[in-house]
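Comments concern the structure below.
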Amino acid sequence: MATEVYPSVPPHPVGLGDDPPSPGASSPHSVPRSLSPTSSGPTVVVRAHDPVSRAGITAQLRGPGFVVVAEPPAHEPAVGLVIVDEIDDEAEAEVRTLRSQGVQRILLLATRIDDRGLLTAVQAGVSGVLRRTEATAANLTAAVRAAAGGEGALSPDLVGRLLRQVGRLQNQVLTPRGLTFTGLTEREAAILRLLAEGYTTAEIGQRLYYSERTVKNVIHEVTARLGARNRTQAVAHAIRHGLI
């Protein structure tokens with residue numbers, strides 16, 4: 001999420017003076033079903049309540065390499081682009097709706113971004129956050145391509161703010177509870193790592209200076225919390241999700 005994206009070659013210029021859709025002709029989120037039928041690049045699902053903003057952003061994305069649609073295509077990966085004034089509960093709900101529809105890589109384009117909104121975006125699992133004042137054709141192209149490739153996009157001035165928020169969360173919330181960002185305590189993570197390396201519970205106890213009973217209890221608690229059937233599955237889950 002905090003990967004900085006540099007502008008790529010902007011798409012072919014297109015005028016922004018297209019006539020808006022007639023009243024009642026489409027839903028609030030409607031855009032043409034496909035604006036680049038011959039394109040083989042990323043498909044972009046644009047969501048915005050403001051038709052003027054939607055039309056302008058859609059025009060900027062129009063051109064070789066992009067297909068812009070109103071609804072997520074079936075059985076095809078897509079990048080979601082949600083245009084909002086601020087990152088609030090409504091914006092978060094829109095992101096979660098897209099995720100429930102199979103769109104896993106989502107960009108937020110916001111007018112106002114405060115610290116709370118930035119954390120809300122992170123918690124919602126977005127791939128990037130950009131300011132609307134920075135929404136040039138080149139920046140949008142770069143951000144969409146980065147998201148499609150599994151990378152993140154974040155306005156440069158937001159990187160420091162996000163890091164400060166993360167540090168504050170660690171110091172004020174997680175550390176006092178003995179937790180890390182993985183949701184595991186340091187002891188739990190250490191035991192799972194040693195299990196993954198093939199150590200027995202007795203050997204783990206000797207290395208970490210715990211009784212074997214304590215090690216077994218920790219393994220049991222972590223296994224239950226992760227919803228695993230046994231310790232092997234718990235270790236596999238932790239590795240697969242980057243917890244250890």
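We name chains A, B, ... following the order of the structure tokens; residues begin at 1 in each chain, and ligands are numbered from 1 as shown.
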Could you pull out all residues of stretch 31-225 of chain A with a DSSP call of strand (DSSP E or B) and give them as JSON, numbers by chain?
{"A": [43, 44, 45, 46, 47, 48, 67, 68, 69, 79, 80, 81, 82, 83, 84, 85, 86, 105, 106, 107, 108, 109, 110, 111, 112, 128, 129, 130, 131, 153, 154, 179, 185]}
Resulting file, chosen residues, C-alpha atoms, as a PDB file, in the first residue's frame:
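What follows is the written file again.pdb:
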```pdb
ATOM      1  CA  THR A  43     -10.307  -3.444 -16.958  1.00  0.00           C
ATOM      2  CA  VAL A  44     -11.248  -0.551 -14.664  1.00  0.00           C
ATOM      3  CA  VAL A  45     -14.510  -0.382 -12.711  1.00  0.00           C
ATOM      4  CA  VAL A  46     -15.224   3.307 -12.038  1.00  0.00           C
ATOM      5  CA  ARG A  47     -17.521   4.236  -9.145  1.00  0.00           C
ATOM      6  CA  ALA A  48     -18.535   7.814  -8.330  1.00  0.00           C
ATOM      7  CA  VAL A  67     -11.440  -0.912 -20.736  1.00  0.00           C
ATOM      8  CA  VAL A  68     -13.715   1.170 -18.490  1.00  0.00           C
ATOM      9  CA  VAL A  69     -16.896  -0.466 -17.197  1.00  0.00           C
ATOM     10  CA  VAL A  79      -9.120  -2.733 -10.896  1.00  0.00           C
ATOM     11  CA  GLY A  80     -11.690  -0.712  -8.983  1.00  0.00           C
ATOM     12  CA  LEU A  81     -11.447   3.095  -8.949  1.00  0.00           C
ATOM     13  CA  VAL A  82     -13.646   4.761  -6.329  1.00  0.00           C
ATOM     14  CA  ILE A  83     -13.965   8.552  -6.521  1.00  0.00           C
ATOM     15  CA  VAL A  84     -14.985  10.252  -3.261  1.00  0.00           C
ATOM     16  CA  ASP A  85     -14.858  13.603  -1.527  1.00  0.00           C
ATOM     17  CA  GLU A  86     -13.511  12.077   1.671  1.00  0.00           C
ATOM     18  CA  ARG A 105      -7.426  -4.347  -6.253  1.00  0.00           C
ATOM     19  CA  ILE A 106      -9.029  -1.002  -5.546  1.00  0.00           C
ATOM     20  CA  LEU A 107      -7.816   2.588  -5.764  1.00  0.00           C
ATOM     21  CA  LEU A 108      -9.360   5.478  -3.855  1.00  0.00           C
ATOM     22  CA  LEU A 109      -9.334   8.906  -5.448  1.00  0.00           C
ATOM     23  CA  ALA A 110     -10.251  11.425  -2.740  1.00  0.00           C
ATOM     24  CA  THR A 111     -10.537  15.201  -2.425  1.00  0.00           C
ATOM     25  CA  ARG A 112      -9.818  15.308   1.312  1.00  0.00           C
ATOM     26  CA  GLY A 128      -3.751   2.810  -3.325  1.00  0.00           C
ATOM     27  CA  VAL A 129      -4.886   6.286  -2.327  1.00  0.00           C
ATOM     28  CA  LEU A 130      -4.482   9.349  -4.551  1.00  0.00           C
ATOM     29  CA  ARG A 131      -5.525  12.974  -4.234  1.00  0.00           C
ATOM     30  CA  ALA A 153       0.038   3.583  -5.099  1.00  0.00           C
ATOM     31  CA  LEU A 154       0.168   6.377  -2.558  1.00  0.00           C
ATOM     32  CA  LEU A 179       0.769  -7.875  19.961  1.00  0.00           C
ATOM     33  CA  THR A 185       2.400 -12.049  20.093  1.00  0.00           C
TER      34      THR A 185
END
```
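Using only C-alpha atoms, the contacts of stretch 210-224 of chain A at a cut-off of 12 Å, with sequence neighbours closer than 6 positions omitted, comprise Gly183, Leu184, Thr185, Glu186, Arg187, Glu188, Ala189, Ala190, Ile191, Leu192, Arg193, Leu194, Leu195, Tyr199, Thr200, Thr201, Ala202, Glu203, Ile204, Asn230, Arg231, Thr232, Gln233, Ala234, Val235, Ala236, His237, Ala238 and Leu243 of chain A.
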Those residues you just picked out, can you put them in a file as a PDB file, in the first residue's frame with C-alpha atoms?
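In the end it all went to again-v1.pdb:
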```pdb
ATOM      1  CA  GLY A 183      -2.098 -10.386  15.272  1.00  0.00           C
ATOM      2  CA  LEU A 184       0.341 -12.728  17.003  1.00  0.00           C
ATOM      3  CA  THR A 185       2.400 -12.049  20.093  1.00  0.00           C
ATOM      4  CA  GLU A 186       6.168 -12.186  19.800  1.00  0.00           C
ATOM      5  CA  ARG A 187       6.131 -15.493  21.691  1.00  0.00           C
ATOM      6  CA  GLU A 188       3.501 -17.005  19.399  1.00  0.00           C
ATOM      7  CA  ALA A 189       5.346 -15.916  16.265  1.00  0.00           C
ATOM      8  CA  ALA A 190       8.653 -17.291  17.594  1.00  0.00           C
ATOM      9  CA  ILE A 191       7.112 -20.677  18.409  1.00  0.00           C
ATOM     10  CA  LEU A 192       5.427 -20.944  15.006  1.00  0.00           C
ATOM     11  CA  ARG A 193       8.686 -20.066  13.251  1.00  0.00           C
ATOM     12  CA  LEU A 194      10.524 -22.836  15.114  1.00  0.00           C
ATOM     13  CA  LEU A 195       7.733 -25.289  14.362  1.00  0.00           C
ATOM     14  CA  TYR A 199      11.759 -28.318  15.963  1.00  0.00           C
ATOM     15  CA  THR A 200       9.799 -30.407  18.479  1.00  0.00           C
ATOM     16  CA  THR A 201       7.898 -28.795  21.336  1.00  0.00           C
ATOM     17  CA  ALA A 202      10.596 -29.921  23.769  1.00  0.00           C
ATOM     18  CA  GLU A 203      13.333 -28.376  21.612  1.00  0.00           C
ATOM     19  CA  ILE A 204      11.343 -25.160  21.239  1.00  0.00           C
ATOM     20  CA  ASN A 230      -3.756 -29.037  13.752  1.00  0.00           C
ATOM     21  CA  ARG A 231      -0.364 -27.437  14.271  1.00  0.00           C
ATOM     22  CA  THR A 232       0.803 -28.297  10.761  1.00  0.00           C
ATOM     23  CA  GLN A 233      -2.138 -26.458   9.257  1.00  0.00           C
ATOM     24  CA  ALA A 234      -1.559 -23.546  11.650  1.00  0.00           C
ATOM     25  CA  VAL A 235       2.047 -23.207  10.496  1.00  0.00           C
ATOM     26  CA  ALA A 236       1.011 -23.445   6.844  1.00  0.00           C
ATOM     27  CA  HIS A 237      -1.629 -20.733   7.389  1.00  0.00           C
ATOM     28  CA  ALA A 238       0.876 -18.454   9.126  1.00  0.00           C
ATOM     29  CA  LEU A 243       2.395 -13.956   9.726  1.00  0.00           C
TER      30      LEU A 243
END
```
Which parts of stretch 42-137 of chain A does DSSP call helix (DSSP H, G or I) when run on the backbone here, written out as a PDB file with C-alpha atoms, in the first residue's frame?
```pdb
ATOM      1  CA  PRO A  51     -21.439  12.313 -12.730  1.00  0.00           C
ATOM      2  CA  VAL A  52     -19.100  15.173 -13.698  1.00  0.00           C
ATOM      3  CA  SER A  53     -16.157  13.625 -11.854  1.00  0.00           C
ATOM      4  CA  ARG A  54     -17.032  10.223 -13.251  1.00  0.00           C
ATOM      5  CA  ALA A  55     -17.120  11.546 -16.816  1.00  0.00           C
ATOM      6  CA  GLY A  56     -13.800  13.367 -16.434  1.00  0.00           C
ATOM      7  CA  ILE A  57     -11.953  10.406 -14.930  1.00  0.00           C
ATOM      8  CA  THR A  58     -13.483   8.034 -17.470  1.00  0.00           C
ATOM      9  CA  ALA A  59     -12.265  10.270 -20.294  1.00  0.00           C
ATOM     10  CA  GLN A  60      -8.753  10.298 -18.833  1.00  0.00           C
ATOM     11  CA  LEU A  61      -8.688   6.510 -18.700  1.00  0.00           C
ATOM     12  CA  ASP A  89     -18.020   5.131   6.096  1.00  0.00           C
ATOM     13  CA  GLU A  90     -19.721   5.480   2.716  1.00  0.00           C
ATOM     14  CA  ALA A  91     -16.413   5.220   0.869  1.00  0.00           C
ATOM     15  CA  GLU A  92     -15.420   2.195   2.932  1.00  0.00           C
ATOM     16  CA  ALA A  93     -18.771   0.552   2.155  1.00  0.00           C
ATOM     17  CA  GLU A  94     -18.214   1.103  -1.576  1.00  0.00           C
ATOM     18  CA  VAL A  95     -14.787  -0.528  -1.325  1.00  0.00           C
ATOM     19  CA  ARG A  96     -16.185  -3.522   0.547  1.00  0.00           C
ATOM     20  CA  THR A  97     -18.991  -3.874  -2.003  1.00  0.00           C
ATOM     21  CA  LEU A  98     -16.474  -4.039  -4.830  1.00  0.00           C
ATOM     22  CA  ARG A  99     -14.416  -6.592  -2.932  1.00  0.00           C
ATOM     23  CA  SER A 100     -17.510  -8.724  -2.378  1.00  0.00           C
ATOM     24  CA  ASP A 115      -5.331  10.610   9.133  1.00  0.00           C
ATOM     25  CA  ARG A 116      -8.478   8.749  10.090  1.00  0.00           C
ATOM     26  CA  GLY A 117      -9.472   8.325   6.459  1.00  0.00           C
ATOM     27  CA  LEU A 118      -6.009   7.052   5.598  1.00  0.00           C
ATOM     28  CA  LEU A 119      -6.259   4.315   8.241  1.00  0.00           C
ATOM     29  CA  THR A 120      -9.794   3.518   7.109  1.00  0.00           C
ATOM     30  CA  ALA A 121      -8.481   2.963   3.594  1.00  0.00           C
ATOM     31  CA  VAL A 122      -5.722   0.676   4.861  1.00  0.00           C
ATOM     32  CA  GLN A 123      -8.167  -1.337   6.966  1.00  0.00           C
ATOM     33  CA  ALA A 124     -10.491  -1.703   3.980  1.00  0.00           C
ATOM     34  CA  ARG A 132      -7.949  14.198  -6.859  1.00  0.00           C
ATOM     35  CA  THR A 133      -5.720  17.235  -7.425  1.00  0.00           C
ATOM     36  CA  GLU A 134      -3.035  14.794  -8.616  1.00  0.00           C
ATOM     37  CA  ALA A 137      -3.818  11.091 -16.995  1.00  0.00           C
TER      38      ALA A 137
END
```
Take atom CA of A:Asp114 and atom CA of A:Pro42 and report the distance between them in Å, one decimal.
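Value for the atom CA of A:Asp114-atom CA of A:Pro42 distance: 29.5 Å.
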